[in-house]
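J.: So here's model27.cif, just mmCIF, C-alpha atoms:
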```cif
data_upload
#
loop_
_atom_site.label_atom_id
_atom_site.label_comp_id
_atom_site.auth_asym_id
_atom_site.auth_seq_id
_atom_site.Cartn_x
_atom_site.Cartn_y
_atom_site.Cartn_z
CA MET A 292 -4.84 33.81 3.12
CA PRO A 293 -1.77 35.94 2.29
CA ASP A 294 -2.39 39.68 1.95
CA GLN A 295 -4.73 40.44 -0.96
CA ALA A 296 -2.34 43.20 -2.08
CA GLU A 297 0.21 40.50 -2.92
CA PHE A 298 -2.00 39.25 -5.76
CA PRO A 299 -2.40 42.04 -8.34
CA ILE A 300 -2.84 39.32 -10.99
CA ARG A 301 -4.83 36.12 -10.55
CA LEU A 302 -4.74 33.32 -13.10
CA ARG A 303 -6.73 30.10 -13.24
CA GLU A 304 -4.70 28.67 -16.12
CA GLY A 305 -2.63 29.68 -19.15
CA PHE A 306 0.88 28.89 -17.90
CA LYS A 307 3.75 28.34 -20.31
CA GLY A 308 4.30 24.64 -20.84
CA GLN A 309 1.11 23.61 -19.09
CA VAL A 310 -0.76 20.38 -19.80
CA GLN A 311 -4.51 20.27 -19.25
CA TYR A 312 -7.32 17.89 -20.13
CA VAL A 313 -10.98 18.50 -19.25
CA ILE A 314 -13.32 15.62 -20.02
CA PRO A 315 -16.51 16.94 -21.66
CA ARG A 316 -19.36 16.83 -19.17
CA PRO A 317 -21.73 14.96 -21.54
CA VAL A 318 -19.06 12.24 -21.78
CA LEU A 319 -18.82 12.08 -17.98
CA ALA A 320 -22.58 11.81 -17.68
CA SER A 321 -22.67 8.94 -20.16
CA ILE A 322 -20.08 6.83 -18.28
CA ALA A 323 -20.72 7.79 -14.65
CA GLY A 324 -22.53 4.53 -13.87
CA HIS A 325 -19.88 2.24 -15.33
CA PRO A 326 -18.93 -0.48 -12.80
CA LEU A 327 -15.21 0.23 -13.25
CA LEU A 328 -15.59 3.99 -12.81
CA HIS A 329 -18.19 4.60 -10.11
CA SER A 330 -15.71 4.61 -7.21
CA LEU A 331 -13.11 6.81 -8.95
CA LEU A 332 -13.52 8.81 -12.14
CA PRO A 333 -11.00 11.51 -13.18
CA THR A 334 -12.73 14.55 -14.67
CA ASP A 335 -9.90 17.10 -15.18
CA ILE A 336 -6.14 16.71 -14.98
CA GLY A 337 -3.08 18.80 -15.64
CA TRP A 338 0.45 20.05 -15.09
CA TYR A 339 1.15 23.71 -14.30
CA PRO A 340 4.91 24.48 -14.32
CA GLN A 341 6.11 27.63 -12.53
CA ALA A 342 2.50 28.75 -12.29
CA GLN A 343 3.06 32.42 -11.45
CA TYR A 344 -0.09 34.19 -10.21
CA HIS A 345 -2.01 30.90 -10.04
CA PHE A 346 -5.02 31.48 -7.79
CA ARG A 347 -8.33 29.66 -7.24
CA GLU A 348 -11.12 30.52 -4.81
CA ARG A 349 -14.17 28.28 -4.39
CA PRO A 350 -16.47 29.51 -1.57
CA ASP A 351 -18.67 26.42 -1.98
CA GLY A 352 -15.91 24.00 -2.88
CA ALA A 353 -15.75 21.95 -6.07
CA ASP A 354 -18.09 19.18 -7.16
CA GLU A 355 -15.09 16.87 -7.39
CA HIS A 356 -12.26 15.90 -5.06
CA ILE A 357 -9.04 17.76 -5.90
CA LEU A 358 -5.51 16.35 -5.61
CA ILE A 359 -2.51 18.67 -6.02
CA TYR A 360 1.09 17.44 -5.89
CA CYS A 361 3.81 20.11 -5.65
CA VAL A 362 7.14 19.17 -7.22
CA ALA A 363 8.90 22.56 -7.10
CA GLY A 364 8.41 26.08 -5.79
CA GLY A 365 5.67 26.73 -3.27
CA GLY A 366 2.16 27.84 -2.61
CA TRP A 367 -0.53 27.90 0.03
CA ALA A 368 -4.06 26.74 0.73
CA GLU A 369 -6.73 28.14 3.01
CA PHE A 370 -9.64 26.32 4.65
CA GLY A 371 -11.73 28.68 6.73
CA LYS A 372 -9.37 30.22 9.25
CA THR A 373 -6.64 27.66 8.62
CA THR A 374 -3.84 28.46 6.14
CA VAL A 375 -1.20 25.88 5.22
CA SER A 376 2.01 26.34 3.25
CA ILE A 377 2.68 23.94 0.37
CA THR A 378 6.31 23.12 -0.41
CA PRO A 379 8.00 20.65 -2.79
CA GLY A 380 7.06 17.11 -1.83
CA ASP A 381 3.68 18.07 -0.38
CA ALA A 382 0.37 16.73 -1.63
CA LEU A 383 -3.00 18.35 -0.99
CA LEU A 384 -6.29 16.45 -1.16
CA ILE A 385 -9.39 18.64 -0.94
CA PRO A 386 -12.68 16.75 -0.51
CA ALA A 387 -15.59 17.66 -2.75
CA HIS A 388 -17.77 20.57 -1.56
CA THR A 389 -15.09 21.81 0.87
CA PRO A 390 -14.76 25.64 0.70
CA HIS A 391 -11.17 26.55 -0.10
CA THR A 392 -8.74 28.99 -1.65
CA TYR A 393 -5.27 28.22 -2.91
CA GLY A 394 -2.52 29.86 -4.92
CA ALA A 395 1.11 29.90 -5.92
CA ALA A 396 3.75 31.74 -3.91
CA MET A 397 4.74 35.09 -5.39
CA THR A 398 8.52 34.78 -5.18
CA ASP A 399 8.88 31.09 -6.15
CA PRO A 400 5.59 29.89 -7.67
CA TRP A 401 4.78 26.23 -7.52
CA SER A 402 4.96 23.61 -10.26
CA ILE A 403 2.09 21.21 -9.68
CA HIS A 404 0.45 18.10 -11.00
CA TRP A 405 -3.27 18.18 -10.29
CA VAL A 406 -6.38 16.13 -10.88
CA HIS A 407 -10.09 16.45 -10.14
CA PHE A 408 -12.01 13.20 -9.66
CA LEU A 409 -15.38 11.84 -8.58
CA GLY A 410 -16.19 8.79 -6.46
CA ASP A 411 -16.32 7.48 -2.92
CA GLU A 412 -12.60 6.71 -2.86
CA GLY A 413 -11.67 10.40 -2.55
CA ALA A 414 -13.93 10.91 0.46
CA TYR A 415 -12.44 7.87 2.17
CA LEU A 416 -8.85 8.95 1.55
CA ALA A 417 -9.58 12.50 2.73
CA ARG A 418 -10.70 11.07 6.07
CA LEU A 419 -7.23 9.56 6.49
CA LEU A 420 -5.70 13.03 6.59
CA LYS A 421 -5.37 15.06 9.73
CA GLU A 422 -7.93 17.85 9.61
CA PRO A 423 -8.10 20.66 8.73
CA THR A 424 -4.94 20.91 6.60
CA CYS A 425 -5.77 18.20 3.99
CA THR A 426 -2.03 17.72 3.32
CA LEU A 427 0.44 14.87 3.42
CA ALA A 428 4.19 14.72 2.93
CA VAL A 429 5.55 12.55 0.10
CA GLU A 430 8.92 10.82 0.33
CA PRO A 431 11.21 11.41 -2.67
CA GLY A 432 11.01 7.88 -4.04
CA CYS A 433 7.23 7.90 -3.86
CA GLY A 434 7.20 11.34 -5.48
CA VAL A 435 9.10 10.03 -8.51
CA VAL A 436 6.49 7.29 -8.98
CA VAL A 437 3.59 9.72 -8.51
CA SER A 438 5.00 12.15 -11.10
CA ALA A 439 5.50 9.29 -13.56
CA LEU A 440 1.91 8.16 -13.06
CA PHE A 441 0.62 11.68 -13.68
CA GLN A 442 2.66 11.75 -16.90
CA ALA A 443 1.19 8.39 -17.91
CA CYS A 444 -2.31 9.81 -17.39
CA TYR A 445 -1.54 12.76 -19.67
CA GLU A 446 -0.37 10.38 -22.38
CA VAL A 447 -3.57 8.34 -22.02
CA PHE A 448 -5.71 11.37 -22.81
CA LEU A 449 -3.77 12.01 -26.01
CA GLY A 450 -5.85 9.12 -27.36
CA GLY A 451 -9.11 10.98 -26.80
CA PHE A 452 -11.93 10.60 -24.31
CA VAL A 453 -13.02 7.11 -25.31
CA LEU A 454 -14.23 4.65 -22.68
CA THR A 455 -11.22 2.35 -22.74
CA ARG A 456 -8.85 5.32 -22.31
CA LEU A 457 -10.91 6.69 -19.40
CA ILE A 458 -10.95 3.31 -17.65
CA TYR A 459 -7.19 3.03 -18.06
CA ALA A 460 -6.68 6.55 -16.70
CA ALA A 461 -8.88 5.70 -13.71
CA LYS A 462 -6.77 2.62 -12.99
CA LEU A 463 -3.61 4.72 -13.17
CA LEU A 464 -5.17 7.17 -10.71
CA HIS A 465 -6.03 4.26 -8.41
CA ARG A 466 -2.35 3.30 -8.45
CA LEU A 467 -1.28 6.91 -7.92
CA LEU A 468 -3.48 7.32 -4.85
CA GLY A 469 -2.36 3.95 -3.56
CA GLU A 470 1.27 5.08 -3.76
CA LEU A 471 0.53 8.32 -1.92
CA PHE A 472 -1.50 6.83 0.90
CA PHE A 473 -0.26 3.26 1.30
CA ASN A 474 3.26 3.04 -0.12
CA ASN A 475 4.62 6.37 1.06
CA GLY A 476 7.27 6.23 3.75
CA ALA A 477 6.47 9.80 4.83
CA PHE A 478 2.82 9.11 5.64
CA SER A 479 0.97 6.67 7.87
CA PRO A 480 -2.80 6.35 7.24
CA SER A 481 -3.25 4.52 10.54
CA LEU A 482 -1.65 7.40 12.45
CA ARG A 483 -3.26 10.10 10.27
CA SER A 484 0.05 11.90 10.23
CA SER A 485 2.92 12.88 7.97
CA ARG A 486 5.29 12.91 10.94
CA PHE A 487 5.72 9.41 12.27
CA HIS A 488 8.32 6.72 12.87
CA SER A 489 8.29 4.34 9.90
CA VAL A 490 8.80 0.65 10.70
CA GLU A 491 10.14 -0.15 7.21
CA SER A 492 13.69 -0.55 8.49
CA THR A 493 12.41 -2.88 11.21
CA LEU A 494 10.61 -5.01 8.62
CA THR A 495 13.86 -5.32 6.69
CA PHE A 496 15.63 -6.25 9.93
CA LEU A 497 13.05 -8.96 10.64
CA ARG A 498 13.29 -10.43 7.14
CA SER A 499 17.07 -10.59 7.50
CA ASN A 500 16.85 -12.50 10.78
CA LEU A 501 14.27 -15.19 10.10
CA HIS A 502 16.89 -17.81 10.96
CA ARG A 503 17.06 -16.83 14.62
CA PRO A 504 14.80 -15.82 17.50
CA LEU A 505 14.39 -12.12 18.24
CA SER A 506 13.07 -10.53 21.40
CA LEU A 507 10.80 -7.50 21.59
CA ALA A 508 13.69 -5.64 23.23
CA GLU A 509 15.95 -6.34 20.22
CA MET A 510 13.29 -5.13 17.79
CA ALA A 511 12.63 -1.97 19.76
CA GLY A 512 16.37 -1.33 20.10
CA GLN A 513 16.82 -1.59 16.35
CA ALA A 514 14.03 0.97 15.90
CA GLY A 515 15.47 3.26 18.57
CA LEU A 516 12.24 3.27 20.60
CA SER A 517 11.08 2.03 23.97
CA GLU A 518 9.35 -1.37 23.89
CA SER A 519 5.92 0.10 24.65
CA HIS A 520 6.21 2.90 22.08
CA PHE A 521 7.60 0.54 19.46
CA SER A 522 4.77 -1.94 20.02
CA ARG A 523 2.13 0.78 19.57
CA VAL A 524 3.74 2.18 16.42
CA PHE A 525 4.36 -1.26 14.90
CA LYS A 526 0.81 -2.46 15.44
CA ALA A 527 -0.63 0.80 14.11
CA GLN A 528 1.28 0.37 10.84
CA THR A 529 1.05 -3.40 10.34
CA GLY A 530 -2.05 -4.48 12.25
CA HIS A 531 -0.02 -7.03 14.25
CA ALA A 532 2.00 -7.10 17.44
CA PRO A 533 5.75 -7.27 16.62
CA LEU A 534 6.34 -10.83 17.82
CA ASP A 535 3.18 -12.10 16.12
CA TYR A 536 4.24 -10.45 12.87
CA PHE A 537 7.69 -12.06 13.12
CA ILE A 538 6.07 -15.48 13.50
CA LEU A 539 3.95 -14.81 10.40
CA LEU A 540 7.09 -13.96 8.42
CA LYS A 541 8.80 -17.13 9.65
CA MET A 542 5.85 -19.33 8.71
CA GLN A 543 5.60 -17.67 5.29
CA HIS A 544 9.26 -18.46 4.65
CA ALA A 545 8.80 -21.99 5.99
CA SER A 546 5.91 -22.49 3.56
CA ALA A 547 8.17 -21.53 0.67
CA LEU A 548 10.88 -23.93 1.82
CA LEU A 549 8.39 -26.78 2.13
CA ALA A 550 7.05 -26.06 -1.34
CA VAL A 551 10.29 -25.70 -3.30
CA THR A 552 12.91 -27.76 -1.41
CA ASP A 553 13.30 -31.33 -0.14
CA LEU A 554 14.45 -30.21 3.31
CA HIS A 555 13.16 -32.31 6.22
CA VAL A 556 10.71 -30.59 8.55
CA LYS A 557 13.45 -30.49 11.19
CA GLU A 558 15.71 -28.63 8.75
CA VAL A 559 12.95 -26.20 7.79
CA ALA A 560 12.34 -25.52 11.47
CA ALA A 561 16.02 -24.78 12.01
CA ALA A 562 16.07 -22.49 8.97
CA VAL A 563 13.44 -20.26 10.59
CA GLY A 564 15.01 -20.30 14.05
CA TYR A 565 13.30 -23.19 15.87
CA SER A 566 15.44 -25.92 17.42
CA ASP A 567 12.37 -27.93 18.45
CA PRO A 568 10.64 -29.29 15.30
CA TYR A 569 7.53 -30.27 17.27
CA TYR A 570 7.04 -26.74 18.55
CA PHE A 571 7.62 -25.45 15.03
CA SER A 572 5.00 -27.85 13.65
CA ARG A 573 2.43 -26.70 16.20
CA LEU A 574 3.08 -23.05 15.34
CA PHE A 575 2.97 -23.79 11.61
CA LYS A 576 -0.43 -25.49 11.88
CA GLN A 577 -1.73 -22.67 14.06
CA VAL A 578 -0.73 -20.04 11.49
CA ILE A 579 -1.12 -21.86 8.16
CA GLY A 580 -3.99 -24.18 9.10
CA VAL A 581 -2.33 -27.52 8.26
CA SER A 582 0.75 -29.38 9.45
CA PRO A 583 4.04 -28.97 7.58
CA ARG A 584 3.79 -32.47 6.14
CA ASP A 585 0.20 -31.97 4.97
CA TYR A 586 1.18 -28.62 3.48
CA ARG A 587 3.96 -30.27 1.49
CA ARG A 588 1.63 -33.04 0.24
CA ALA A 589 -1.14 -30.64 -0.82
CA PRO A 590 -1.33 -29.89 -4.57
CA LYS A 591 0.09 -26.48 -5.53
CA GLY A 592 -0.70 -24.15 -8.39
#
```
Could I get this file's structure written as structure tokens?
T.:
Amino acid sequence: MPDQAEFPIRLREGFKGQVQYVIPRPVLASIAGHPLLHSLLPTDIGWYPQAQYHFRERPDGADEHILIYCVAGGGWAEFGKTTVSITPGDALLIPAHTPHTYGAAMTDPWSIHWVHFLGDEGAYLARLLKEPTCTLAVEPGCGVVVSALFQACYEVFLGGFVLTRLIYAAKLLHRLLGELFFNNGAFSPSLRSSRFHSVESTLTFLRSNLHRPLSLAEMAGQAGLSESHFSRVFKAQTGHAPLDYFILLKMQHASALLAVTDLHVKEVAAAVGYSDPYYFSRLFKQVIGVSPRDYRRAPKG
């Protein structure tokens, strides 16, 4: 932790312009077993802008999981002997019952969205982070969505702590966590890292070239990686080998063409880069489970 002498004043809350909602504990107890809330239930939520002197120390941790998203300024967090700096665009997820201390920087204090929540989902997501820092970077576009979802949660609680409002807030928090962990170009849950090579540009490249064959060498070259490194990174992020994934994309597009056009199978095959319609048909059946003709004849909708 930074030098104790740097913190002549320590504040838990009370910042100008802050937003804070704390759900009454009797209300939480009455809804804790609800089937839509047992995996994720927000208990406290807020916005602390320019939170000068903000400081919290929990030697035994909190009963809830804690998510902090820093949008401006800076701060720090300490877990045992490990101290991590928090800067704009960083998120911090502290699992329940994890001893910790955190606070705002003295010279440029952080502005943070934060939420405490119960449920198994927090423990699972925390395991995706690289220990012991509990942090992940957030790309700017994702950060805009996350901030908007926090704001939506605040507006929900203006309506009071009634069950329907709490369920809606929980669903917003589900979406918020999904954005951070699974739609965030600065973080890969499979690699447990905020410093990784994203394959998003490669996926765009593949979708733009469904009409022709691509080699592994071409894919790796587009990504700027060796073939072996690219294959490892791609499979870690998608669950598929690059060439297998490309075939899946081709067959998905072929399915759409069969469903909404009158193109002959030979023409569909050519549209997804196969000059041999018989080879295409075999691949299509292997991936989709039926032949192209049977797929077209099957009822849709």
J.: Do you know which residues the PyMOL selection byres ((chain A and resi 556) around 10) returns on this file, as a tab-separated table (two decimals) with C-alpha atoms, in the coordinates of the input?
T.:
```tsv
chain	number	residue	atom	x	y	z
A	545	ALA	CA	8.80	-21.99	5.99
A	548	LEU	CA	10.88	-23.93	1.82
A	549	LEU	CA	8.39	-26.78	2.13
A	553	ASP	CA	13.30	-31.33	-0.14
A	554	LEU	CA	14.45	-30.21	3.31
A	555	HIS	CA	13.16	-32.31	6.22
A	557	LYS	CA	13.45	-30.49	11.19
A	558	GLU	CA	15.71	-28.63	8.75
A	559	VAL	CA	12.95	-26.20	7.79
A	560	ALA	CA	12.34	-25.52	11.47
A	561	ALA	CA	16.02	-24.78	12.01
A	562	ALA	CA	16.07	-22.49	8.97
A	568	PRO	CA	10.64	-29.29	15.30
A	569	TYR	CA	7.53	-30.27	17.27
A	571	PHE	CA	7.62	-25.45	15.03
A	572	SER	CA	5.00	-27.85	13.65
A	583	PRO	CA	4.04	-28.97	7.58
A	584	ARG	CA	3.79	-32.47	6.14
A	587	ARG	CA	3.96	-30.27	1.49
```
J.: Please report as a tab-separated table every residue of region 365-474 of chain A lying within 6 Å of region 318-340 of chain A, along with the nearest atom pair and their distance in Å (one decimal), using all atoms listed in the file.
T.:
```
residue	atom	partner	partner_atom	distance
A:Ser402	CA	A:Pro340	CA	4.2
A:Ile403	CA	A:Tyr339	CA	5.3
A:His404	CA	A:Trp338	CA	4.5
A:Trp405	CA	A:Gly337	CA	5.4
A:Val406	CA	A:Ile336	CA	4.1
A:His407	CA	A:Asp335	CA	5.1
A:Phe408	CA	A:Pro333	CA	4.0
A:Leu409	CA	A:Leu332	CA	5.0
A:Gly410	CA	A:Ser330	CA	4.3
A:Asp411	CA	A:Ser330	CA	5.2
A:Glu412	CA	A:Ser330	CA	5.7
A:Ala461	CA	A:Leu332	CA	5.8
```
J.: Hey, which of A:Thr398, A:Gly515, A:Phe472, A:Ile314 ends up closest to Leu454 (chain A)? Count all atoms listed in the file.
T.: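 When distances to Leu454 (chain A) are compared using all atoms listed in the file, the smallest one comes from A:Ile314.
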J.: From the options A:Arg498, A:Arg418, A:Arg466, A:Lys526, which residue's atoms come nearest to Val436 (chain A), counting only C-alpha atoms?
T.: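 Looking only at the distances to Val436 (chain A), the closest residue turns out to be A:Arg466.
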J.: Got a sec to resolve the PyMOL selection byres ((chain A and resi 532) around 12) on this structure and send the residues as an MDAnalysis selection string?
T.: chainID A and resid 507 510 518:531 533:539
J.: Which one is closest to Phe473 (chain A): A:Glu430, A:Asp381, A:Asp354, A:Asp399? Count all atoms listed in the file.
T.: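 Nearest candidate to Phe473 (chain A) out of A:Glu430, A:Asp381, A:Asp354, A:Asp399: A:Glu430.
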J.: My list of candidates is A:Val453, A:Ile579, A:Ile377, A:Ala342. Which is closest to Met397 (chain A) when distances are computed with all atoms listed in the file?
T.: A:Ala342
J.: Give the answer as one residue: which of A:Leu384, A:Phe306, A:Pro315, A:Leu494 has the shortest atom-to-atom distance to Gly451 (chain A), using all atoms listed in the file?
T.: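 Among the listed residues, the smallest separation from Gly451 (chain A) belongs to A:Pro315.
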J.: Calculate how many Å separate CA of Cys425 (chain A) from CA of Glu348 (chain A), rounding to one decimal.
T.: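 Taking CA of Cys425 (chain A) as the start and CA of Glu348 (chain A) as the end point, the length is 16.1 Å.
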J.: Could you name the residues that touch Gln513 (chain A) at 9 Å or less, counting all atoms listed in the file, but leaving out those on the same chain fewer than 6 positions away, as a ChimeraX atom specification?
T.: /A:492-493,496
